[in-house]
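File shown: structure.pdb (PDB, C-alpha atoms and all ligand atoms).
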```
MODEL        1
ATOM      1  CA  MET A   1       0.000   0.000   0.000  1.00  0.00           C
ATOM      2  CA  ASP A   2       1.219   3.463  -0.905  1.00  0.00           C
ATOM      3  CA  ILE A   3       2.441   5.434   2.125  1.00  0.00           C
ATOM      4  CA  VAL A   4       0.063   8.378   1.590  1.00  0.00           C
ATOM      5  CA  GLU A   5      -2.875   6.028   1.084  1.00  0.00           C
ATOM      6  CA  ALA A   6      -1.948   4.244   4.318  1.00  0.00           C
ATOM      7  CA  ILE A   7      -1.690   7.459   6.329  1.00  0.00           C
ATOM      8  CA  CYS A   8      -4.967   8.805   4.960  1.00  0.00           C
ATOM      9  CA  SER A   9      -6.942   5.566   5.232  1.00  0.00           C
ATOM     10  CA  ARG A  10      -5.877   4.695   8.783  1.00  0.00           C
ATOM     11  CA  GLN A  11      -8.673   5.323  11.223  1.00  0.00           C
ATOM     12  CA  SER A  12      -9.443   4.227  14.738  1.00  0.00           C
ATOM     13  CA  ILE A  13     -11.381   0.960  14.689  1.00  0.00           C
ATOM     14  CA  ARG A  14     -13.778   0.522  17.601  1.00  0.00           C
ATOM     15  CA  GLY A  15     -15.532  -2.671  16.504  1.00  0.00           C
ATOM     16  CA  TYR A  16     -13.754  -5.920  15.551  1.00  0.00           C
ATOM     17  CA  LYS A  17     -14.506  -9.363  14.203  1.00  0.00           C
ATOM     18  CA  PRO A  18     -13.618 -12.095  16.701  1.00  0.00           C
ATOM     19  CA  THR A  19     -11.212 -13.655  14.142  1.00  0.00           C
ATOM     20  CA  PRO A  20      -7.871 -14.167  15.885  1.00  0.00           C
ATOM     21  CA  VAL A  21      -4.748 -12.459  14.599  1.00  0.00           C
ATOM     22  CA  THR A  22      -1.856 -14.841  14.037  1.00  0.00           C
ATOM     23  CA  LYS A  23       1.349 -14.480  15.981  1.00  0.00           C
ATOM     24  CA  GLU A  24       3.210 -14.473  12.633  1.00  0.00           C
ATOM     25  CA  ALA A  25       1.308 -11.422  11.374  1.00  0.00           C
ATOM     26  CA  LEU A  26       1.813  -9.611  14.675  1.00  0.00           C
ATOM     27  CA  ARG A  27       5.478 -10.500  14.650  1.00  0.00           C
ATOM     28  CA  GLU A  28       5.892  -9.112  11.114  1.00  0.00           C
ATOM     29  CA  ILE A  29       4.065  -5.906  12.049  1.00  0.00           C
ATOM     30  CA  LEU A  30       6.329  -5.443  15.042  1.00  0.00           C
ATOM     31  CA  ASP A  31       9.424  -6.200  12.949  1.00  0.00           C
ATOM     32  CA  ILE A  32       8.362  -3.389  10.609  1.00  0.00           C
ATOM     33  CA  ALA A  33       7.303  -1.004  13.372  1.00  0.00           C
ATOM     34  CA  THR A  34      10.542  -1.320  15.310  1.00  0.00           C
ATOM     35  CA  ARG A  35      12.139   0.523  12.362  1.00  0.00           C
ATOM     36  CA  SER A  36      10.526   3.629  13.884  1.00  0.00           C
ATOM     37  CA  PRO A  37      12.909   6.402  14.867  1.00  0.00           C
ATOM     38  CA  SER A  38      13.637   7.026  18.532  1.00  0.00           C
ATOM     39  CA  SER A  39      15.662   9.660  20.317  1.00  0.00           C
ATOM     40  CA  ASP A  40      19.353   8.618  20.329  1.00  0.00           C
ATOM     41  CA  ASN A  41      18.117   5.322  18.864  1.00  0.00           C
ATOM     42  CA  ALA A  42      17.488   4.403  22.506  1.00  0.00           C
ATOM     43  CA  GLN A  43      14.396   2.383  21.463  1.00  0.00           C
ATOM     44  CA  THR A  44      12.824   2.931  24.826  1.00  0.00           C
ATOM     45  CA  TRP A  45       9.644   1.033  23.930  1.00  0.00           C
ATOM     46  CA  GLU A  46       8.897  -2.355  25.451  1.00  0.00           C
ATOM     47  CA  ILE A  47       6.149  -4.363  23.834  1.00  0.00           C
ATOM     48  CA  THR A  48       3.700  -6.857  25.312  1.00  0.00           C
ATOM     49  CA  VAL A  49       1.227  -8.605  23.034  1.00  0.00           C
ATOM     50  CA  VAL A  50      -1.849 -10.039  24.705  1.00  0.00           C
ATOM     51  CA  THR A  51      -4.671 -12.232  23.456  1.00  0.00           C
ATOM     52  CA  GLY A  52      -6.979 -15.034  24.638  1.00  0.00           C
ATOM     53  CA  GLU A  53      -7.801 -15.594  28.272  1.00  0.00           C
ATOM     54  CA  VAL A  54      -5.179 -13.196  29.591  1.00  0.00           C
ATOM     55  CA  LEU A  55      -6.680 -10.389  27.539  1.00  0.00           C
ATOM     56  CA  ASP A  56     -10.199 -11.342  28.631  1.00  0.00           C
ATOM     57  CA  ASN A  57      -9.089 -11.141  32.250  1.00  0.00           C
ATOM     58  CA  ILE A  58      -7.681  -7.659  31.701  1.00  0.00           C
ATOM     59  CA  LYS A  59     -10.768  -6.458  29.808  1.00  0.00           C
ATOM     60  CA  TRP A  60     -13.187  -7.624  32.479  1.00  0.00           C
ATOM     61  CA  GLY A  61     -10.879  -6.542  35.295  1.00  0.00           C
ATOM     62  CA  ASN A  62     -10.935  -3.032  33.807  1.00  0.00           C
ATOM     63  CA  VAL A  63     -14.721  -3.103  33.475  1.00  0.00           C
ATOM     64  CA  GLU A  64     -15.092  -4.232  37.084  1.00  0.00           C
ATOM     65  CA  LYS A  65     -12.965  -1.311  38.307  1.00  0.00           C
ATOM     66  CA  PHE A  66     -14.876   1.141  36.131  1.00  0.00           C
ATOM     67  CA  THR A  67     -18.334  -0.076  37.094  1.00  0.00           C
ATOM     68  CA  SER A  68     -17.423  -0.068  40.786  1.00  0.00           C
ATOM     69  CA  GLY A  69     -16.425   3.577  40.478  1.00  0.00           C
ATOM     70  CA  VAL A  70     -12.715   3.059  41.208  1.00  0.00           C
ATOM     71  CA  ALA A  71     -10.720   6.175  40.264  1.00  0.00           C
ATOM     72  CA  PRO A  72      -8.327   5.584  37.339  1.00  0.00           C
ATOM     73  CA  ASN A  73      -4.725   5.402  38.375  1.00  0.00           C
ATOM     74  CA  PRO A  74      -2.608   5.529  35.181  1.00  0.00           C
ATOM     75  CA  ASP A  75       1.191   5.422  35.182  1.00  0.00           C
ATOM     76  CA  PHE A  76       1.068   8.871  33.490  1.00  0.00           C
ATOM     77  CA  ALA A  77      -0.839  11.888  34.709  1.00  0.00           C
ATOM     78  CA  LEU A  78      -3.721  12.841  32.437  1.00  0.00           C
ATOM     79  CA  ASN A  79      -5.320  16.227  32.818  1.00  0.00           C
ATOM     80  CA  ARG A  80      -8.786  17.249  31.695  1.00  0.00           C
ATOM     81  CA  LEU A  81      -8.957  19.017  28.368  1.00  0.00           C
ATOM     82  CA  GLU A  82     -10.077  22.623  28.284  1.00  0.00           C
ATOM     83  CA  GLY A  83     -10.949  25.264  25.690  1.00  0.00           C
ATOM     84  CA  VAL A  84     -10.532  24.298  22.052  1.00  0.00           C
ATOM     85  CA  TYR A  85      -9.124  20.892  22.987  1.00  0.00           C
ATOM     86  CA  ARG A  86     -12.210  20.086  25.031  1.00  0.00           C
ATOM     87  CA  GLN A  87     -14.358  21.285  22.109  1.00  0.00           C
ATOM     88  CA  ARG A  88     -12.641  18.827  19.786  1.00  0.00           C
ATOM     89  CA  GLU A  89     -13.076  16.044  22.346  1.00  0.00           C
ATOM     90  CA  VAL A  90     -16.791  16.835  22.608  1.00  0.00           C
ATOM     91  CA  GLU A  91     -17.161  16.940  18.813  1.00  0.00           C
ATOM     92  CA  LEU A  92     -15.636  13.465  18.601  1.00  0.00           C
ATOM     93  CA  ALA A  93     -18.020  12.153  21.257  1.00  0.00           C
ATOM     94  CA  ILE A  94     -21.014  13.704  19.458  1.00  0.00           C
ATOM     95  CA  GLN A  95     -19.964  12.068  16.183  1.00  0.00           C
ATOM     96  CA  LEU A  96     -19.458   8.687  17.847  1.00  0.00           C
ATOM     97  CA  PHE A  97     -22.730   8.806  19.803  1.00  0.00           C
ATOM     98  CA  GLN A  98     -24.676   9.846  16.694  1.00  0.00           C
ATOM     99  CA  LEU A  99     -23.293   6.904  14.741  1.00  0.00           C
ATOM    100  CA  MET A 100     -24.003   4.538  17.647  1.00  0.00           C
ATOM    101  CA  GLY A 101     -27.511   5.941  18.157  1.00  0.00           C
ATOM    102  CA  ILE A 102     -26.742   6.989  21.732  1.00  0.00           C
ATOM    103  CA  THR A 103     -28.674  10.019  22.931  1.00  0.00           C
ATOM    104  CA  ARG A 104     -27.366  12.595  25.394  1.00  0.00           C
ATOM    105  CA  GLU A 105     -29.873  11.498  28.049  1.00  0.00           C
ATOM    106  CA  ASP A 106     -29.180   7.775  27.733  1.00  0.00           C
ATOM    107  CA  ARG A 107     -26.776   7.371  30.640  1.00  0.00           C
ATOM    108  CA  ASP A 108     -26.895   3.578  30.430  1.00  0.00           C
ATOM    109  CA  LYS A 109     -25.803   3.404  26.813  1.00  0.00           C
ATOM    110  CA  ARG A 110     -23.139   6.033  27.407  1.00  0.00           C
ATOM    111  CA  ALA A 111     -21.720   3.980  30.269  1.00  0.00           C
ATOM    112  CA  GLN A 112     -21.839   0.857  28.087  1.00  0.00           C
ATOM    113  CA  TRP A 113     -19.912   2.731  25.421  1.00  0.00           C
ATOM    114  CA  ARG A 114     -17.243   3.711  27.932  1.00  0.00           C
ATOM    115  CA  GLN A 115     -17.037   0.076  29.000  1.00  0.00           C
ATOM    116  CA  ARG A 116     -16.142  -0.877  25.412  1.00  0.00           C
ATOM    117  CA  GLY A 117     -13.068   1.346  25.696  1.00  0.00           C
ATOM    118  CA  PHE A 118     -12.071  -0.439  28.891  1.00  0.00           C
ATOM    119  CA  ARG A 119     -12.455  -3.710  26.948  1.00  0.00           C
ATOM    120  CA  PHE A 120     -10.177  -2.407  24.166  1.00  0.00           C
ATOM    121  CA  PHE A 121     -13.244  -2.330  21.908  1.00  0.00           C
ATOM    122  CA  ASP A 122     -13.444  -6.138  22.086  1.00  0.00           C
ATOM    123  CA  ALA A 123     -10.382  -6.497  19.874  1.00  0.00           C
ATOM    124  CA  PRO A 124      -8.971 -10.040  19.860  1.00  0.00           C
ATOM    125  CA  THR A 125      -5.451  -8.748  20.521  1.00  0.00           C
ATOM    126  CA  VAL A 126      -3.861  -5.792  22.271  1.00  0.00           C
ATOM    127  CA  ILE A 127      -0.325  -4.459  22.025  1.00  0.00           C
ATOM    128  CA  ILE A 128       0.756  -2.761  25.227  1.00  0.00           C
ATOM    129  CA  LEU A 129       3.634  -0.295  25.128  1.00  0.00           C
ATOM    130  CA  SER A 130       5.647   0.304  28.273  1.00  0.00           C
ATOM    131  CA  ALA A 131       9.038   1.756  29.133  1.00  0.00           C
ATOM    132  CA  ASP A 132      11.517   1.812  31.956  1.00  0.00           C
ATOM    133  CA  SER A 133      10.681   4.270  34.738  1.00  0.00           C
ATOM    134  CA  SER A 134      14.288   5.488  34.878  1.00  0.00           C
ATOM    135  CA  LEU A 135      13.786   7.254  31.526  1.00  0.00           C
ATOM    136  CA  SER A 136      12.423  10.782  31.196  1.00  0.00           C
ATOM    137  CA  GLU A 137       8.744  11.103  30.426  1.00  0.00           C
ATOM    138  CA  SER A 138       9.224  13.234  27.297  1.00  0.00           C
ATOM    139  CA  ARG A 139      11.602  10.677  25.817  1.00  0.00           C
ATOM    140  CA  ILE A 140       9.467   7.623  26.360  1.00  0.00           C
ATOM    141  CA  LEU A 141       6.213   9.261  25.308  1.00  0.00           C
ATOM    142  CA  LEU A 142       7.651  10.600  22.059  1.00  0.00           C
ATOM    143  CA  ASP A 143       9.262   7.266  21.223  1.00  0.00           C
ATOM    144  CA  ALA A 144       6.061   5.403  22.075  1.00  0.00           C
ATOM    145  CA  GLY A 145       3.992   7.778  19.936  1.00  0.00           C
ATOM    146  CA  LEU A 146       6.193   7.115  16.937  1.00  0.00           C
ATOM    147  CA  ILE A 147       6.102   3.351  17.215  1.00  0.00           C
ATOM    148  CA  ALA A 148       2.374   3.380  17.980  1.00  0.00           C
ATOM    149  CA  GLN A 149       1.573   5.179  14.719  1.00  0.00           C
ATOM    150  CA  THR A 150       3.936   2.921  12.780  1.00  0.00           C
ATOM    151  CA  ILE A 151       2.231  -0.168  14.223  1.00  0.00           C
ATOM    152  CA  CYS A 152      -1.143   1.223  13.126  1.00  0.00           C
ATOM    153  CA  LEU A 153       0.125   1.915   9.610  1.00  0.00           C
ATOM    154  CA  ALA A 154       1.927  -1.413   9.214  1.00  0.00           C
ATOM    155  CA  ALA A 155      -1.228  -3.219  10.390  1.00  0.00           C
ATOM    156  CA  LEU A 156      -3.086  -1.942   7.313  1.00  0.00           C
ATOM    157  CA  ASN A 157      -0.815  -4.036   5.127  1.00  0.00           C
ATOM    158  CA  TYR A 158      -2.346  -7.107   6.805  1.00  0.00           C
ATOM    159  CA  ASP A 159      -5.954  -5.814   6.526  1.00  0.00           C
ATOM    160  CA  LEU A 160      -5.880  -5.224  10.261  1.00  0.00           C
ATOM    161  CA  GLY A 161      -7.432  -2.272  12.046  1.00  0.00           C
ATOM    162  CA  THR A 162      -6.210  -0.612  15.205  1.00  0.00           C
ATOM    163  CA  CYS A 163      -7.248   1.797  17.896  1.00  0.00           C
ATOM    164  CA  ILE A 164      -4.711   3.436  20.147  1.00  0.00           C
ATOM    165  CA  GLY A 165      -6.461   3.509  23.509  1.00  0.00           C
ATOM    166  CA  VAL A 166      -5.522   5.128  26.756  1.00  0.00           C
ATOM    167  CA  GLN A 167      -8.717   3.941  28.421  1.00  0.00           C
ATOM    168  CA  GLY A 168      -7.570   0.323  28.542  1.00  0.00           C
ATOM    169  CA  VAL A 169      -4.476   1.237  30.566  1.00  0.00           C
ATOM    170  CA  LEU A 170      -6.155   3.554  33.066  1.00  0.00           C
ATOM    171  CA  TYR A 171      -6.056   0.775  35.657  1.00  0.00           C
ATOM    172  CA  PRO A 172      -2.447  -0.460  35.359  1.00  0.00           C
ATOM    173  CA  GLU A 173      -2.961  -2.542  38.505  1.00  0.00           C
ATOM    174  CA  VAL A 174      -5.370  -4.733  36.510  1.00  0.00           C
ATOM    175  CA  ILE A 175      -2.800  -5.251  33.760  1.00  0.00           C
ATOM    176  CA  ARG A 176      -0.103  -6.049  36.328  1.00  0.00           C
ATOM    177  CA  LYS A 177      -2.360  -8.631  37.952  1.00  0.00           C
ATOM    178  CA  PHE A 178      -2.314 -10.745  34.792  1.00  0.00           C
ATOM    179  CA  ILE A 179       0.921  -9.728  33.068  1.00  0.00           C
ATOM    180  CA  ASP A 180       4.436  -9.372  34.373  1.00  0.00           C
ATOM    181  CA  ILE A 181       5.089  -5.670  33.832  1.00  0.00           C
ATOM    182  CA  PRO A 182       6.800  -4.614  37.062  1.00  0.00           C
ATOM    183  CA  LYS A 183       6.286  -1.253  38.753  1.00  0.00           C
ATOM    184  CA  SER A 184       9.779  -0.296  37.553  1.00  0.00           C
ATOM    185  CA  LYS A 185       8.186   0.053  34.111  1.00  0.00           C
ATOM    186  CA  ARG A 186       5.517   2.546  33.125  1.00  0.00           C
ATOM    187  CA  ILE A 187       2.592   1.318  31.121  1.00  0.00           C
ATOM    188  CA  ILE A 188       2.040   3.904  28.396  1.00  0.00           C
ATOM    189  CA  ILE A 189      -0.697   2.872  26.002  1.00  0.00           C
ATOM    190  CA  GLY A 190      -2.646  -0.050  24.582  1.00  0.00           C
ATOM    191  CA  ILE A 191      -3.230  -0.597  20.876  1.00  0.00           C
ATOM    192  CA  ALA A 192      -6.266  -2.709  20.025  1.00  0.00           C
ATOM    193  CA  ILE A 193      -5.628  -4.717  16.865  1.00  0.00           C
ATOM    194  CA  GLY A 194      -7.828  -7.035  14.828  1.00  0.00           C
ATOM    195  CA  TYR A 195      -9.930  -7.407  11.712  1.00  0.00           C
ATOM    196  CA  PRO A 196     -12.379  -4.495  11.464  1.00  0.00           C
ATOM    197  CA  ASP A 197     -16.097  -5.194  11.599  1.00  0.00           C
ATOM    198  CA  TRP A 198     -17.119  -2.728   8.887  1.00  0.00           C
ATOM    199  CA  ASP A 199     -20.789  -3.096   9.862  1.00  0.00           C
ATOM    200  CA  PHE A 200     -20.037  -1.655  13.298  1.00  0.00           C
ATOM    201  CA  PRO A 201     -21.462   1.899  13.155  1.00  0.00           C
ATOM    202  CA  ALA A 202     -18.584   3.673  14.930  1.00  0.00           C
ATOM    203  CA  ASN A 203     -16.203   2.399  12.256  1.00  0.00           C
ATOM    204  CA  LYS A 204     -17.950   4.721   9.805  1.00  0.00           C
ATOM    205  CA  LEU A 205     -16.611   7.730  11.677  1.00  0.00           C
ATOM    206  CA  GLU A 206     -14.617  10.246   9.688  1.00  0.00           C
ATOM    207  CA  SER A 207     -12.693  12.167  12.300  1.00  0.00           C
ATOM    208  CA  LYS A 208     -12.186  15.862  11.676  1.00  0.00           C
ATOM    209  CA  ARG A 209      -8.940  17.813  11.412  1.00  0.00           C
ATOM    210  CA  GLU A 210      -8.114  21.483  11.630  1.00  0.00           C
ATOM    211  CA  SER A 211      -6.890  22.966   8.362  1.00  0.00           C
ATOM    212  CA  VAL A 212      -3.126  23.188   7.920  1.00  0.00           C
ATOM    213  CA  GLU A 213      -3.452  26.970   7.499  1.00  0.00           C
ATOM    214  CA  SER A 214      -5.071  27.343  10.926  1.00  0.00           C
ATOM    215  CA  ILE A 215      -2.232  25.560  12.761  1.00  0.00           C
ATOM    216  CA  THR A 216       0.831  26.444  10.690  1.00  0.00           C
ATOM    217  CA  THR A 217       3.034  29.539  10.632  1.00  0.00           C
ATOM    218  CA  TRP A 218       5.285  29.988   7.633  1.00  0.00           C
ATOM    219  CA  TYR A 219       8.479  32.037   7.509  1.00  0.00           C
ATOM    220  CA  GLY A 220      10.875  32.765   4.662  1.00  0.00           C
ATOM    221  CA  PHE A 221       8.489  31.832   1.858  1.00  0.00           C
ATOM    222  CA  GLU A 222       7.507  34.222  -0.915  1.00  0.00           C
TER     223      GLU A 222
HETATM  224  C1  LIG B   1      -2.669   8.659  22.802  1.00  0.00           C
HETATM  225  C2  LIG B   1      -4.035   8.295  22.266  1.00  0.00           C
HETATM  226  C3  LIG B   1      -4.982   7.782  23.129  1.00  0.00           C
HETATM  227  C4  LIG B   1      -6.252   7.429  22.648  1.00  0.00           C
HETATM  228  N1  LIG B   1      -7.175   6.897  23.516  1.00  0.00           N
HETATM  229  C5  LIG B   1      -8.403   6.587  23.049  1.00  0.00           C
HETATM  230  C6  LIG B   1      -9.378   6.039  23.921  1.00  0.00           C
HETATM  231  O1  LIG B   1      -9.125   5.815  25.113  1.00  0.00           O
HETATM  232  N2  LIG B   1     -10.605   5.758  23.433  1.00  0.00           N
HETATM  233  C7  LIG B   1     -10.911   5.967  22.101  1.00  0.00           C
HETATM  234  O2  LIG B   1     -12.045   5.692  21.709  1.00  0.00           O
HETATM  235  N3  LIG B   1      -9.999   6.474  21.239  1.00  0.00           N
HETATM  236  C8  LIG B   1      -8.766   6.787  21.687  1.00  0.00           C
HETATM  237  N4  LIG B   1      -7.822   7.298  20.830  1.00  0.00           N
HETATM  238  C9  LIG B   1      -8.179   7.480  19.400  1.00  0.00           C
HETATM  239  C10 LIG B   1      -8.483   8.926  19.079  1.00  0.00           C
HETATM  240  O3  LIG B   1      -9.752   9.286  19.576  1.00  0.00           O
HETATM  241  C11 LIG B   1      -8.411   9.096  17.549  1.00  0.00           C
HETATM  242  O4  LIG B   1      -7.099   8.862  17.116  1.00  0.00           O
HETATM  243  C12 LIG B   1      -8.849  10.487  17.101  1.00  0.00           C
HETATM  244  O5  LIG B   1     -10.194  10.698  17.413  1.00  0.00           O
HETATM  245  C13 LIG B   1      -8.663  10.655  15.577  1.00  0.00           C
HETATM  246  O6  LIG B   1      -9.430   9.669  14.896  1.00  0.00           O
HETATM  247  P1  LIG B   1      -8.768   8.616  13.907  1.00  0.00           P
HETATM  248  O7  LIG B   1      -7.757   7.821  14.694  1.00  0.00           O
HETATM  249  O8  LIG B   1      -9.918   7.755  13.441  1.00  0.00           O
HETATM  250  O9  LIG B   1      -8.107   9.362  12.804  1.00  0.00           O
HETATM  251  C14 LIG B   1      -6.566   7.629  21.275  1.00  0.00           C
HETATM  252  C15 LIG B   1      -5.581   8.127  20.406  1.00  0.00           C
HETATM  253  C16 LIG B   1      -4.325   8.453  20.890  1.00  0.00           C
HETATM  254  C17 LIG B   1      -3.293   8.979  19.931  1.00  0.00           C
ENDMDL
END
```

If you convert what's in this file into structure tokens, what do you get?
Ligand SMILES: Cc1cc2nc3c(=O)[nH]c(=O)nc-3n(C[C@H](O)[C@H](O)[C@H](O)COP(=O)(O)O)c2cc1C
Amino acid sequence: MDIVEAICSRQSIRGYKPTPVTKEALREILDIATRSPSSDNAQTWEITVVTGEVLDNIKWGNVEKFTSGVAPNPDFALNRLEGVYRQREVELAIQLFQLMGITREDRDKRAQWRQRGFRFFDAPTVIILSADSSLSESRILLDAGLIAQTICLAALNYDLGTCIGVQGVLYPEVIRKFIDIPKSKRIIIGIAIGYPDWDFPANKLESKRESVESITTWYGFE
């Protein structure tokens, strides 16, 4: 697939077929994605790939925490969005809820939707990125961002869809209960990966972007 086509056709997939993803395909995707650049070539990312019963345990462990009202406790601080950033977040939610037929008043359906995020959108496989706690936050987050996007792009070559998801790692204690990622590592992000269910309404979402002109300043051009 052409690089521009891949970048432009990638979208977050929030509904998957149950079809398993083979270890071979995942291995190839990771082989490709580890060609991502990293600061000083330090390759700070550590990768854990989870499927089957272990993943089910994490999904339902997350849901249990969420439904019991336990406050999220991620390995990275997340602050609430404000101003224009909050507006964009709200716009995304409106688009998603419209596609899913969830009304503003329907608290039940909204909560069920949030639960999907804690279940990594029911993807059959999840790639968890983590990094050593001794490393600076800016370094590991930038490196992780680069490899995360490359994983998502490489996945397209295998007809696989992805959704980078912070929600699934908001309760790192759940992940650590089932997977050996010690506290000396910081769990950064989960990437849901699987075959897209194109009949799932949220997969029809076309996310918006600001125009280049509105976010770019040019100097030295005619
Ligand atoms: C760091 C990061 C965390 C994200 N976490 C979530 C999440 O928890 N739930 C979700 O539905 N989407 C999540 N997303 C997906 C974004 O909502 C999505 O990338 C954005 O709306 C643009 O849409 P697109 O990926 O379809 O182009 C996350 C994306 C990134 C980069």

Show me a table, sorted first by chain and then by increasing residue number, of the residues of chain A having an atom at most 10 Å from ligand LIG 1 (chain B), each with its shortest atom pair and the distance in Å to one decimal, counting only C-alpha atoms and all ligand atoms and written as a Markdown table.
```
| residue | atom | partner | partner_atom | distance |
| --- | --- | --- | --- | --- |
| A:Ile7 | CA | B:LIG1 | O9 | 9.3 |
| A:Cys8 | CA | B:LIG1 | O9 | 8.5 |
| A:Ser9 | CA | B:LIG1 | O9 | 8.5 |
| A:Arg10 | CA | B:LIG1 | O9 | 6.6 |
| A:Gln11 | CA | B:LIG1 | O8 | 3.5 |
| A:Ser12 | CA | B:LIG1 | O8 | 3.8 |
| A:Ile13 | CA | B:LIG1 | O8 | 7.1 |
| A:Arg14 | CA | B:LIG1 | O2 | 6.8 |
| A:Arg88 | CA | B:LIG1 | O5 | 8.8 |
| A:Glu89 | CA | B:LIG1 | O5 | 7.8 |
| A:Glu91 | CA | B:LIG1 | O5 | 9.5 |
| A:Leu92 | CA | B:LIG1 | O5 | 6.2 |
| A:Ala93 | CA | B:LIG1 | O2 | 8.8 |
| A:Gln95 | CA | B:LIG1 | O5 | 9.9 |
| A:Leu96 | CA | B:LIG1 | O2 | 8.9 |
| A:Trp113 | CA | B:LIG1 | O2 | 9.2 |
| A:Arg114 | CA | B:LIG1 | N2 | 8.3 |
| A:Arg116 | CA | B:LIG1 | O2 | 8.6 |
| A:Gly117 | CA | B:LIG1 | N2 | 5.5 |
| A:Phe118 | CA | B:LIG1 | O1 | 7.9 |
| A:Phe120 | CA | B:LIG1 | N2 | 8.2 |
| A:Phe121 | CA | B:LIG1 | O2 | 8.1 |
| A:Leu141 | CA | B:LIG1 | C1 | 9.2 |
| A:Ala144 | CA | B:LIG1 | C1 | 9.3 |
| A:Gly145 | CA | B:LIG1 | C1 | 7.3 |
| A:Ala148 | CA | B:LIG1 | C17 | 8.2 |
| A:Gln149 | CA | B:LIG1 | C17 | 8.1 |
| A:Cys152 | CA | B:LIG1 | O7 | 9.5 |
| A:Thr162 | CA | B:LIG1 | O7 | 8.6 |
| A:Cys163 | CA | B:LIG1 | C9 | 6.0 |
| A:Ile164 | CA | B:LIG1 | C14 | 4.7 |
| A:Gly165 | CA | B:LIG1 | N1 | 3.5 |
| A:Val166 | CA | B:LIG1 | O1 | 4.0 |
| A:Gln167 | CA | B:LIG1 | O1 | 3.8 |
| A:Gly168 | CA | B:LIG1 | O1 | 6.7 |
| A:Val169 | CA | B:LIG1 | O1 | 8.5 |
| A:Leu170 | CA | B:LIG1 | O1 | 8.8 |
| A:Ile188 | CA | B:LIG1 | C1 | 8.7 |
| A:Ile189 | CA | B:LIG1 | C1 | 6.9 |
| A:Gly190 | CA | B:LIG1 | C3 | 8.3 |
| A:Ile191 | CA | B:LIG1 | C4 | 8.8 |
| A:Ala192 | CA | B:LIG1 | C8 | 10.0 |
| A:Ala202 | CA | B:LIG1 | O2 | 9.6 |
| A:Asn203 | CA | B:LIG1 | O8 | 8.3 |
| A:Lys204 | CA | B:LIG1 | O8 | 9.3 |
| A:Leu205 | CA | B:LIG1 | O8 | 6.9 |
| A:Glu206 | CA | B:LIG1 | O8 | 6.5 |
| A:Ser207 | CA | B:LIG1 | O6 | 4.9 |
| A:Lys208 | CA | B:LIG1 | C13 | 7.4 |
| A:Arg209 | CA | B:LIG1 | C13 | 8.3 |
```

Would you mind listing what lies within 10 Å of Ile47 (chain A) as a PyMOL selection string, with all atoms listed in the file counted and same-chain residues fewer than 2 positions away left out? chain A and resi 30+44-45+49-50+127-131+144+187+190

A straight line from CA of Ile29 (chain A) to CA of Ala154 (chain A) spans 5.7 Å

Expected residue set, 8 Å radius at (-1.2, 0.4, 3.3), only C-alpha atoms, as a JSON list (two decimals) with C-alpha atoms, in the coordinates of the input:
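Written out: selection_35.json:
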```json
[["chain", "number", "residue", "atom", "x", "y", "z"],
["A", 1, "MET", "CA", 0.00, 0.00, 0.00],
["A", 2, "ASP", "CA", 1.22, 3.46, -0.90],
["A", 3, "ILE", "CA", 2.44, 5.43, 2.12],
["A", 5, "GLU", "CA", -2.88, 6.03, 1.08],
["A", 6, "ALA", "CA", -1.95, 4.24, 4.32],
["A", 7, "ILE", "CA", -1.69, 7.46, 6.33],
["A", 9, "SER", "CA", -6.94, 5.57, 5.23],
["A", 153, "LEU", "CA", 0.12, 1.92, 9.61],
["A", 154, "ALA", "CA", 1.93, -1.41, 9.21],
["A", 155, "ALA", "CA", -1.23, -3.22, 10.39],
["A", 156, "LEU", "CA", -3.09, -1.94, 7.31],
["A", 157, "ASN", "CA", -0.82, -4.04, 5.13]]
```

So, with all atoms listed in the file as the atoms that count, which of A:Glu173, A:Arg139, A:Leu55, A:Val4 lies closest to Asn41 (chain A)?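 Among A:Glu173, A:Arg139, A:Leu55, A:Val4, it is A:Arg139 that comes nearest to Asn41 (chain A).
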
What does the distance between CA of Pro72 (chain A) and CA of Arg119 (chain A) come to in Å, to one decimal place? 14.5 Å

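Distances here use all atoms listed in the file; by that measure, the residue among A:Pro201, A:Gly161, A:Pro74, A:Pro37 closest to Arg186 (chain A) is A:Pro74.
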
Hey, can you check how far CA of Tyr16 (chain A) sits from CA of Gln115 (chain A)? 15.1 Å

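Using only C-alpha atoms, the smallest distance between any of A:Ile193, A:Ala42, A:Ile179, A:Ala123 and Ile140 (chain A) comes from A:Ala42.
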
Using only C-alpha atoms, which of the listed residues (A:Val70, A:Ala77, A:Val126, A:Val90) sits closest to Ile175 (chain A)?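 Of A:Val70, A:Ala77, A:Val126, A:Val90, the one nearest Ile175 (chain A), counting only C-alpha atoms, is A:Val126.
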
For this structure, which residues satisfy the selection - the PyMOL selection byres (((chain A and resi 20-23) around 10) and not hetatm) - when it is evaluated on the file as given? I want them as a ChimeraX atom specification. /A:17-19,24-29,49,51-52,123-125,158,160,193-195

Mind giving me the axis-aligned box for region 189-200 of chain A with 3 Å on every side, centre plus edges in Å to one decimal, as lines of an AutoDock Vina configuration file?
```
center_x = -10.7
center_y = -2.3
center_z = 17.4
size_x = 26.1
size_y = 16.3
size_z = 23.1
```

Selected residue, from A:Thr48, A:Ser39, A:Ile58, A:Asp31, that lies nearest to Val174 (chain A) when counting only C-alpha atoms: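 Distance minimum relative to Val174 (chain A) lands on A:Ile58.
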
When distances are computed from all atoms listed in the file, which of A:Glu105, A:Asp75, A:Asp143, A:Asp122 shows the smallest separation from Ser36 (chain A)?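 Among the listed residues, the smallest separation from Ser36 (chain A) belongs to A:Asp143.
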
Neighbour list for Ala33 (chain A) as a short mmCIF file (atom, residue, chain, number, x, y, z; two decimals) with C-alpha atoms, in the coordinates of the input, cut-off 7 Å, all atoms listed in the file, skip fewer than 5 positions in-chain:
```
data_model
loop_
_atom_site.label_atom_id
_atom_site.label_comp_id
_atom_site.auth_asym_id
_atom_site.auth_seq_id
_atom_site.Cartn_x
_atom_site.Cartn_y
_atom_site.Cartn_z
CA ILE A 147 6.10 3.35 17.22
CA THR A 150 3.94 2.92 12.78
CA ILE A 151 2.23 -0.17 14.22
CA ALA A 154 1.93 -1.41 9.21
#
```
